[in-house]
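> Sharing run31.csv (CSV, C-alpha atoms and all ligand atoms) below.
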```
chain,number,residue,atom,x,y,z
S,1,MET,CA,-27.5,-168.1,111.4
S,2,PRO,CA,-24.9,-169.5,113.8
S,3,ALA,CA,-25.1,-168.1,117.3
S,4,ALA,CA,-22.6,-165.3,118.0
S,5,ILE,CA,-19.5,-166.4,119.7
S,6,PRO,CA,-19.4,-164.8,123.1
S,7,THR,CA,-16.5,-162.3,123.3
S,8,LYS,CA,-14.1,-162.7,126.2
S,9,PRO,CA,-14.7,-160.4,129.1
S,10,ASP,CA,-12.1,-157.6,129.2
S,11,LEU,CA,-11.0,-158.3,132.8
S,12,LEU,CA,-8.2,-155.9,132.8
S,13,GLY,CA,-10.2,-153.1,131.3
S,14,TYR,CA,-7.5,-151.1,129.5
S,15,GLU,CA,-9.4,-150.6,126.2
S,16,GLY,CA,-9.5,-146.9,125.5
S,17,LYS,CA,-7.9,-146.0,128.8
S,18,THR,CA,-5.3,-143.1,129.0
S,19,CYS,CA,-2.1,-144.5,130.6
S,20,VAL,CA,1.0,-142.5,131.4
S,21,VAL,CA,4.1,-144.7,131.7
S,22,THR,CA,7.5,-143.3,132.8
S,23,GLY,CA,10.7,-145.0,131.8
S,24,ALA,CA,8.9,-146.1,128.7
S,25,ALA,CA,12.1,-146.1,126.6
S,26,SER,CA,13.6,-149.2,128.1
S,27,GLY,CA,13.3,-152.3,130.3
S,28,MET,CA,10.2,-152.8,132.4
S,29,GLY,CA,8.7,-149.4,131.4
S,30,GLY,CA,9.2,-150.2,127.7
S,31,ALA,CA,7.6,-153.6,128.1
S,32,THR,CA,4.7,-152.0,130.1
S,33,ALA,CA,4.1,-149.4,127.4
S,34,ARG,CA,4.1,-152.0,124.6
S,35,ILE,CA,1.7,-154.4,126.4
S,36,LEU,CA,-0.7,-151.7,127.4
S,37,GLY,CA,-0.8,-150.6,123.7
S,38,GLU,CA,-1.6,-154.2,122.8
S,39,LEU,CA,-4.5,-154.1,125.3
S,40,GLY,CA,-6.0,-151.1,123.6
S,41,ALA,CA,-4.8,-148.3,125.9
S,42,GLU,CA,-3.8,-144.9,124.8
S,43,VAL,CA,-0.2,-144.8,126.0
S,44,ILE,CA,1.7,-141.6,126.8
S,45,GLY,CA,5.3,-142.5,127.4
S,46,LEU,CA,7.7,-140.2,129.5
S,47,ASP,CA,11.4,-140.7,129.5
S,48,ILE,CA,14.7,-138.8,129.4
S,49,GLN,CA,15.7,-141.0,126.5
S,50,LYS,CA,14.0,-141.1,123.1
S,51,ILE,CA,11.2,-143.7,123.1
S,52,ASP,CA,11.1,-145.9,120.0
S,53,GLY,CA,8.2,-148.1,120.8
S,54,PRO,CA,4.8,-147.9,119.1
S,55,ILE,CA,2.9,-145.6,121.5
S,56,ALA,CA,0.4,-142.8,121.1
S,57,ARG,CA,2.6,-140.1,122.4
S,58,SER,CA,6.0,-139.6,123.9
S,59,ILE,CA,7.2,-136.7,126.0
S,60,GLN,CA,10.8,-136.1,127.1
S,61,VAL,CA,11.2,-135.4,130.8
S,62,ASN,CA,14.0,-135.3,133.3
S,63,LEU,CA,12.6,-136.5,136.6
S,64,MET,CA,15.6,-135.0,138.4
S,65,GLU,CA,14.2,-131.5,137.6
S,66,GLU,CA,11.0,-129.9,138.9
S,67,ALA,CA,10.6,-127.6,135.9
S,68,SER,CA,11.0,-130.5,133.4
S,69,ILE,CA,8.3,-132.5,135.2
S,70,ASP,CA,6.0,-129.4,135.2
S,71,ALA,CA,6.6,-128.9,131.5
S,72,ALA,CA,5.8,-132.6,130.8
S,73,VAL,CA,2.6,-132.4,133.0
S,74,ALA,CA,1.5,-129.4,130.9
S,75,GLU,CA,1.6,-131.7,127.8
S,76,ILE,CA,-0.4,-134.5,129.3
S,77,PRO,CA,-4.2,-134.6,128.7
S,78,ASP,CA,-6.6,-133.3,131.4
S,79,SER,CA,-7.8,-136.8,132.3
S,80,VAL,CA,-5.5,-139.7,133.0
S,81,ASP,CA,-6.8,-143.1,134.0
S,82,ARG,CA,-3.7,-144.9,135.1
S,83,LEU,CA,-0.1,-143.8,136.0
S,84,PHE,CA,2.7,-146.3,135.8
S,85,ASN,CA,5.9,-145.0,137.5
S,86,CYS,CA,8.7,-147.2,136.0
S,87,ALA,CA,11.6,-144.8,135.5
S,88,GLY,CA,14.6,-145.1,137.8
S,89,LEU,CA,18.3,-144.8,138.3
S,90,PRO,CA,20.5,-147.6,139.7
S,91,GLY,CA,22.5,-145.5,142.1
S,92,ALA,CA,26.2,-145.9,142.9
S,93,PRO,CA,28.8,-146.0,141.5
S,94,ARG,CA,27.3,-144.4,138.3
S,95,PHE,CA,24.9,-141.9,140.0
S,96,GLU,CA,25.2,-139.8,143.1
S,97,ALA,CA,22.9,-140.6,146.0
S,98,LEU,CA,21.1,-137.3,145.8
S,99,ASP,CA,20.4,-137.6,142.0
S,100,THR,CA,19.3,-141.2,142.5
S,101,THR,CA,16.7,-140.3,145.1
S,102,LEU,CA,15.6,-137.2,143.3
S,103,VAL,CA,14.7,-139.3,140.2
S,104,ASN,CA,13.5,-142.4,142.0
S,105,PHE,CA,11.4,-140.8,144.6
S,106,VAL,CA,11.2,-136.9,144.7
S,107,GLY,CA,10.5,-136.7,141.0
S,108,LEU,CA,8.2,-139.7,141.0
S,109,ARG,CA,6.2,-138.1,143.9
S,110,HIS,CA,6.1,-134.7,142.1
S,111,LEU,CA,4.8,-136.2,138.9
S,112,THR,CA,2.2,-138.4,140.8
S,113,GLU,CA,0.9,-135.5,142.9
S,114,SER,CA,0.7,-133.3,139.8
S,115,LEU,CA,-1.4,-135.9,138.0
S,116,LEU,CA,-3.6,-137.1,140.8
S,117,PRO,CA,-6.1,-134.2,140.4
S,118,ARG,CA,-6.6,-135.5,136.8
S,119,ILE,CA,-7.2,-139.1,137.8
S,120,PRO,CA,-10.9,-139.8,138.0
S,121,SER,CA,-12.7,-142.1,140.5
S,122,GLY,CA,-11.7,-145.7,139.6
S,123,GLY,CA,-8.2,-144.6,138.5
S,124,ALA,CA,-5.0,-145.9,139.8
S,125,VAL,CA,-1.2,-145.4,140.3
S,126,ALA,CA,1.4,-148.2,140.3
S,127,SER,CA,5.1,-147.6,140.9
S,128,ILE,CA,8.1,-149.8,140.5
S,129,THR,CA,10.1,-149.9,143.7
S,130,SER,CA,12.4,-152.9,144.4
S,131,VAL,CA,13.1,-155.8,146.7
S,132,ALA,CA,16.0,-153.5,147.7
S,133,GLY,CA,13.4,-151.4,149.5
S,134,MET,CA,12.2,-154.2,151.8
S,135,GLY,CA,14.0,-152.9,154.8
S,136,TYR,CA,11.9,-149.7,154.9
S,137,THR,CA,10.8,-150.3,158.5
S,138,LYS,CA,14.4,-149.7,159.7
S,139,ASN,CA,14.1,-146.1,158.4
S,140,LEU,CA,10.5,-145.3,159.2
S,141,GLU,CA,11.2,-142.2,161.3
S,142,LYS,CA,13.4,-140.6,158.6
S,143,LEU,CA,11.0,-141.7,155.8
S,144,HIS,CA,8.2,-139.9,157.6
S,145,GLU,CA,10.3,-136.8,157.7
S,146,LEU,CA,10.9,-137.0,154.0
S,147,LEU,CA,7.2,-137.7,153.3
S,148,ALA,CA,6.3,-134.7,155.4
S,149,THR,CA,8.1,-132.4,152.9
S,150,ALA,CA,5.5,-130.6,150.8
S,151,SER,CA,7.1,-130.1,147.5
S,152,PHE,CA,10.0,-131.1,145.1
S,153,GLY,CA,12.1,-128.3,146.5
S,154,GLU,CA,11.5,-129.2,150.1
S,155,GLY,CA,12.2,-132.9,149.4
S,156,LYS,CA,15.4,-132.0,147.7
S,157,ALA,CA,16.5,-129.7,150.6
S,158,TRP,CA,15.6,-132.5,153.1
S,159,LEU,CA,17.8,-135.0,151.1
S,160,GLU,CA,20.7,-132.4,151.0
S,161,ALA,CA,20.4,-132.0,154.8
S,162,ASN,CA,20.2,-135.7,155.4
S,163,SER,CA,23.0,-137.1,153.2
S,164,ASP,CA,24.0,-139.5,156.0
S,165,VAL,CA,20.6,-141.2,155.7
S,166,ASN,CA,20.1,-141.1,151.9
S,167,ASN,CA,22.3,-143.8,150.6
S,168,GLY,CA,20.7,-143.5,147.1
S,169,TYR,CA,19.1,-146.6,145.6
S,170,LEU,CA,18.0,-148.5,148.8
S,171,PHE,CA,16.6,-145.4,150.5
S,172,SER,CA,14.9,-144.2,147.4
S,173,LYS,CA,13.1,-147.5,147.0
S,174,GLN,CA,12.2,-147.6,150.7
S,175,ALA,CA,10.6,-144.1,150.2
S,176,ILE,CA,8.4,-145.4,147.3
S,177,ILE,CA,7.0,-148.1,149.6
S,178,ALA,CA,6.4,-145.7,152.5
S,179,TYR,CA,4.8,-143.1,150.1
S,180,THR,CA,2.5,-145.8,148.6
S,181,TYR,CA,1.4,-146.9,152.1
S,182,ALA,CA,1.0,-143.3,153.3
S,183,ARG,CA,-1.2,-142.2,150.4
S,184,ALA,CA,-3.5,-145.2,150.1
S,185,GLY,CA,-6.0,-144.4,152.8
S,186,GLU,CA,-6.7,-140.8,151.7
S,187,LEU,CA,-6.9,-141.7,148.0
S,188,ALA,CA,-9.4,-144.5,148.8
S,189,ARG,CA,-11.9,-141.8,149.8
S,190,ARG,CA,-11.6,-140.6,146.2
S,191,GLU,CA,-11.8,-144.2,144.9
S,192,ILE,CA,-8.2,-144.0,143.5
S,193,ARG,CA,-5.8,-146.9,144.2
S,194,ILE,CA,-2.1,-146.7,144.7
S,195,ASN,CA,0.2,-149.7,144.8
S,196,CYS,CA,3.8,-150.5,144.2
S,197,LEU,CA,5.7,-153.6,142.9
S,198,SER,CA,9.1,-154.9,144.1
S,199,PRO,CA,11.0,-156.7,141.4
S,200,ALA,CA,13.7,-159.3,142.0
S,201,PRO,CA,16.8,-158.9,139.7
S,202,THR,CA,15.6,-158.5,136.1
S,203,ASP,CA,17.5,-158.6,132.9
S,204,THR,CA,17.2,-155.0,131.6
S,205,PRO,CA,19.7,-152.4,130.6
S,206,MET,CA,20.0,-151.5,134.3
S,207,MET,CA,21.6,-154.8,135.2
S,208,PRO,CA,25.3,-153.9,134.3
S,209,ALA,CA,25.0,-150.9,136.6
S,210,PHE,CA,24.1,-153.2,139.5
S,211,HIS,CA,27.1,-155.4,138.6
S,212,ASP,CA,29.3,-152.3,138.9
S,213,GLN,CA,27.9,-151.9,142.5
S,214,ILE,CA,28.2,-155.5,143.6
S,215,SER,CA,29.7,-158.4,141.5
S,216,ALA,CA,27.5,-160.5,139.3
S,217,GLU,CA,28.4,-163.5,141.5
S,218,PHE,CA,27.4,-161.8,144.7
S,219,MET,CA,24.2,-160.5,143.1
S,220,ASP,CA,23.2,-164.0,141.9
S,221,GLU,CA,24.1,-165.7,145.2
S,222,HIS,CA,22.4,-163.2,147.5
S,223,PHE,CA,19.6,-161.4,145.6
S,224,GLN,CA,18.5,-163.6,142.7
S,225,ALA,CA,15.0,-165.1,143.0
S,226,PRO,CA,15.1,-168.7,144.4
S,227,VAL,CA,13.9,-170.1,141.1
S,228,GLY,CA,17.6,-169.5,140.0
S,229,ARG,CA,17.4,-167.0,137.2
S,230,ASN,CA,16.7,-163.3,136.7
S,231,ALA,CA,13.3,-162.2,135.5
S,232,THR,CA,12.5,-160.8,132.1
S,233,PRO,CA,11.1,-157.3,131.8
S,234,GLU,CA,7.7,-158.8,130.8
S,235,GLU,CA,7.6,-160.8,134.0
S,236,MET,CA,7.5,-157.5,135.8
S,237,ALA,CA,5.4,-155.5,133.3
S,238,GLU,CA,2.5,-158.0,133.4
S,239,PRO,CA,2.0,-158.1,137.2
S,240,LEU,CA,2.3,-154.3,137.2
S,241,ILE,CA,-0.4,-154.0,134.5
S,242,LEU,CA,-2.5,-156.4,136.6
S,243,LEU,CA,-2.0,-154.3,139.7
S,244,ASN,CA,-3.2,-151.2,137.9
S,245,SER,CA,-6.1,-152.9,136.2
S,246,ASP,CA,-9.8,-153.3,136.9
S,247,ALA,CA,-9.1,-156.8,138.0
S,248,SER,CA,-7.3,-155.4,141.0
S,249,ARG,CA,-10.1,-152.9,141.8
S,250,PHE,CA,-10.1,-153.6,145.5
S,251,VAL,CA,-6.3,-153.7,145.9
S,252,SER,CA,-4.7,-150.5,147.3
S,253,GLY,CA,-1.8,-149.7,149.6
S,254,HIS,CA,0.0,-152.9,148.5
S,255,ASN,CA,3.6,-153.7,147.8
S,256,LEU,CA,3.6,-156.7,145.4
S,257,PHE,CA,6.8,-158.7,145.6
S,258,VAL,CA,7.5,-160.2,142.2
S,259,ASP,CA,10.4,-162.3,143.4
S,260,TYR,CA,9.4,-166.0,143.1
S,261,GLY,CA,9.6,-166.3,146.9
S,262,TYR,CA,12.8,-164.3,147.8
S,263,ALA,CA,11.1,-162.1,150.4
S,264,ALA,CA,9.2,-165.1,151.8
S,265,GLN,CA,12.5,-166.9,152.4
S,266,THR,CA,14.0,-164.0,154.2
S,267,TYR,CA,10.9,-163.6,156.4
S,268,MET,CA,11.1,-167.2,157.4
S,269,GLY,CA,14.8,-167.1,158.2
S,270,GLN,CA,15.6,-169.4,155.3
S,271,ARG,CA,18.2,-166.9,154.0
S,272,PRO,CA,19.9,-163.9,155.5
S,273,ALA,CA,18.0,-160.7,155.5
S,274,LEU,CA,20.6,-158.5,153.9
S,275,LEU,CA,18.3,-155.6,153.0
D,301,LIG,N1,16.5,-154.4,136.6
D,301,LIG,C1,16.4,-154.8,137.9
D,301,LIG,O1,17.0,-155.8,138.3
D,301,LIG,C2,15.5,-154.0,138.9
D,301,LIG,C3,15.2,-154.6,140.1
D,301,LIG,C4,14.4,-154.0,141.0
D,301,LIG,C5,13.8,-152.8,140.6
D,301,LIG,N2,14.2,-152.2,139.4
D,301,LIG,C6,13.5,-150.9,139.1
D,301,LIG,O2,12.7,-151.1,137.9
D,301,LIG,C7,12.5,-149.9,137.2
D,301,LIG,C8,12.7,-150.0,135.8
D,301,LIG,O3,14.1,-150.2,135.6
D,301,LIG,P1,14.7,-151.2,134.4
D,301,LIG,O4,15.4,-152.3,135.1
D,301,LIG,O5,13.7,-151.4,133.4
D,301,LIG,O6,15.9,-150.3,133.9
D,301,LIG,P2,16.1,-149.4,132.6
D,301,LIG,O7,17.4,-148.7,132.8
D,301,LIG,O8,16.0,-150.3,131.4
D,301,LIG,O9,14.9,-148.4,132.6
D,301,LIG,C9,14.9,-147.2,133.4
D,301,LIG,C10,14.3,-146.1,132.5
D,301,LIG,O10,14.3,-144.9,133.4
D,301,LIG,C11,14.6,-143.8,132.5
D,301,LIG,N3,15.2,-142.7,133.3
D,301,LIG,C12,16.3,-142.7,134.0
D,301,LIG,N4,16.6,-141.5,134.6
D,301,LIG,C13,15.5,-140.7,134.2
D,301,LIG,C14,15.2,-139.4,134.4
D,301,LIG,N5,16.0,-138.5,135.1
D,301,LIG,N6,14.1,-138.9,133.9
D,301,LIG,C15,13.3,-139.7,133.2
D,301,LIG,N7,13.5,-141.0,132.9
D,301,LIG,C16,14.6,-141.5,133.4
D,301,LIG,C17,15.7,-144.4,131.6
D,301,LIG,O11,15.9,-143.6,130.5
D,301,LIG,C18,15.1,-145.8,131.3
D,301,LIG,O12,14.3,-145.7,130.1
D,301,LIG,C19,13.4,-148.9,137.9
D,301,LIG,O13,12.7,-148.1,138.8
D,301,LIG,C20,14.4,-149.8,138.7
D,301,LIG,O14,15.0,-149.1,139.8
D,301,LIG,C21,15.0,-152.8,138.5
```
Take the structure in this file and express it as structure tokens.

Amino acid sequence: MPAAIPTKPDLLGYEGKTCVVTGAASGMGGATARILGELGAEVIGLDIQKIDGPIARSIQVNLMEEASIDAAVAEIPDSVDRLFNCAGLPGAPRFEALDTTLVNFVGLRHLTESLLPRIPSGGAVASITSVAGMGYTKNLEKLHELLATASFGEGKAWLEANSDVNNGYLFSKQAIIAYTYARAGELARREIRINCLSPAPTDTPMMPAFHDQISAEFMDEHFQAPVGRNATPEEMAEPLILLNSDASRFVSGHNLFVDYGYAAQTYMGQRPALL
């Protein structure tokens, strides 16, 4: 009998894992949900839109509303191995600053905190923030104030009282980075990891909304990755999946730039730091 062919080690470790993916109807979240399914995960997709992809279960949720998040959480199984926060709004001019930060940060935090008690040791959370959040240190004092709010309602009230600080997209993405850093140490004691990923401009259905904000020419000249093209949704989904996988089991409290060197160039003064 021929010797058995050794099977490849499952480095990522998603086989049979329960993965919750927000924003699973479109773009990066859609790609993430699809690839996780191909890796053998049980994918539960959450989105305000209908999810067409081949996933185990889809739940409609509006991350702008606490009651809608609570209703979705009630439908999610008692044990969740990985959470992928991919949903988001692009901000002005299509969406108000308050609504944008409610979805991108306050709703994301409420969902994450609601699910954390269900995530066992070895589990992980990965959220999509943005290169647009890279200036978070400029707002640290205000971000600490927002992070100190204890609930969805308190977070919303803080945003309403600080509308001069909350400019929508940029502030919401800064808040995800600050939240990820702030939670990492405590969650490490439970052996749960938390990370985020900062994409450079990526060709998804969100891109036209960014072009309404700043022209396509300005976007390409000042924010595109130095490789000279936008990323594909899969070029974000795959590193996100890596970040939340067993292969990254000692990685926590990290903001992974997936930008082909854009942030590196700004840090080295090779291009203006506009963010
Ligand atoms: N496309 C880019 O260039 C880019 C760059 C940096 C960061 N990002 C971030 O990447 C993430 C994914 O965006 P994308 O580019 O794939 O865009 P997308 O518009 O294709 O996907 C966003 C998803 O979020 C969902 N969503 C929006 N509001 C919601 C709500 N209230 N409740 C529940 N779901 C809601 C949408 O229905 C959609 O499926 C977002 O957080 C976005 O801010 C995008």
> Select from chain S every residue with an atom at most 8 Å from any atom of ligand LIG 301 (chain D), then for each give the shortest pair of atoms and their distance in Å to one decimal, using all atoms listed in the file, rows by chain and rising number, as a Markdown table.

```
| residue | atom | partner | partner_atom | distance |
| --- | --- | --- | --- | --- |
| S:Thr22 | CA | D:LIG301 | N7 | 6.4 |
| S:Gly23 | CA | D:LIG301 | C10 | 3.8 |
| S:Ala24 | CA | D:LIG301 | O12 | 5.6 |
| S:Ala25 | CA | D:LIG301 | O12 | 4.2 |
| S:Ser26 | CA | D:LIG301 | O12 | 4.1 |
| S:Gly27 | CA | D:LIG301 | O5 | 3.3 |
| S:Met28 | CA | D:LIG301 | O5 | 3.9 |
| S:Gly29 | CA | D:LIG301 | O5 | 5.7 |
| S:Gly30 | CA | D:LIG301 | O12 | 7.2 |
| S:Leu46 | CA | D:LIG301 | C15 | 6.7 |
| S:Asp47 | CA | D:LIG301 | N7 | 4.0 |
| S:Ile48 | CA | D:LIG301 | C15 | 4.1 |
| S:Gln49 | CA | D:LIG301 | O11 | 4.8 |
| S:Ile51 | CA | D:LIG301 | O12 | 7.9 |
| S:Gln60 | CA | D:LIG301 | C15 | 7.5 |
| S:Val61 | CA | D:LIG301 | C15 | 5.4 |
| S:Asn62 | CA | D:LIG301 | N6 | 3.7 |
| S:Leu63 | CA | D:LIG301 | N6 | 3.9 |
| S:Met64 | CA | D:LIG301 | N5 | 4.8 |
| S:Glu65 | CA | D:LIG301 | N5 | 7.6 |
| S:Asn85 | CA | D:LIG301 | O13 | 7.6 |
| S:Cys86 | CA | D:LIG301 | C7 | 4.8 |
| S:Ala87 | CA | D:LIG301 | O10 | 3.4 |
| S:Gly88 | CA | D:LIG301 | O13 | 3.7 |
| S:Leu89 | CA | D:LIG301 | C12 | 5.2 |
| S:Pro90 | CA | D:LIG301 | O14 | 5.7 |
| S:Val103 | CA | D:LIG301 | N5 | 5.3 |
| S:Asn104 | CA | D:LIG301 | O13 | 6.6 |
| S:Ser127 | CA | D:LIG301 | O13 | 7.9 |
| S:Ile128 | CA | D:LIG301 | O13 | 5.2 |
| S:Thr129 | CA | D:LIG301 | C5 | 5.6 |
| S:Ser130 | CA | D:LIG301 | C5 | 4.1 |
| S:Val131 | CA | D:LIG301 | C4 | 6.1 |
| S:Ala132 | CA | D:LIG301 | C4 | 6.9 |
| S:Tyr169 | CA | D:LIG301 | O14 | 7.5 |
| S:Lys173 | CA | D:LIG301 | O14 | 7.6 |
| S:Ser198 | CA | D:LIG301 | C4 | 6.2 |
| S:Pro199 | CA | D:LIG301 | C4 | 4.4 |
| S:Ala200 | CA | D:LIG301 | C3 | 5.3 |
| S:Pro201 | CA | D:LIG301 | O1 | 3.4 |
| S:Thr202 | CA | D:LIG301 | O1 | 3.8 |
| S:Asp203 | CA | D:LIG301 | N1 | 5.7 |
| S:Thr204 | CA | D:LIG301 | O4 | 4.8 |
| S:Pro205 | CA | D:LIG301 | O8 | 4.3 |
| S:Met206 | CA | D:LIG301 | O7 | 4.1 |
| S:Met207 | CA | D:LIG301 | N1 | 5.3 |
| S:Phe210 | CA | D:LIG301 | O1 | 7.7 |
| S:Asn230 | CA | D:LIG301 | O1 | 7.7 |
| S:Ala231 | CA | D:LIG301 | O1 | 7.9 |
| S:Pro233 | CA | D:LIG301 | O5 | 6.6 |
```
> So, counting only C-alpha atoms, which residue among S:Pro226, S:Gly253, S:Gly37, S:Gly168 is closest to Ala124 in chain S?
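For Ala124 in chain S, the nearest of the given residues is S:Gly253.
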> What gap, in Å, lies between CA of Glu75 in chain S and CA of Thr112 in chain S?
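These two atoms are separated by 14.6 Å.
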> Can you work out the spacing between CA of Arg271 in chain S and CA of His222 in chain S in Å, to one decimal?
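Those two atoms sit 8.6 Å apart.
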> Write out as a ChimeraX atom specification each polymer residue whose atoms come within 8 Å of Arg34 in chain S, counting only C-alpha atoms; drop sequence neighbours fewer than 2 positions from it.
/S:30-32,36-38,53-55
> One decimal, in Å: what's the spacing between CA of Ser245 in chain S and CA of Thr18 in chain S?
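Between CA of Ser245 in chain S and CA of Thr18 in chain S the gap works out to 12.2 Å.
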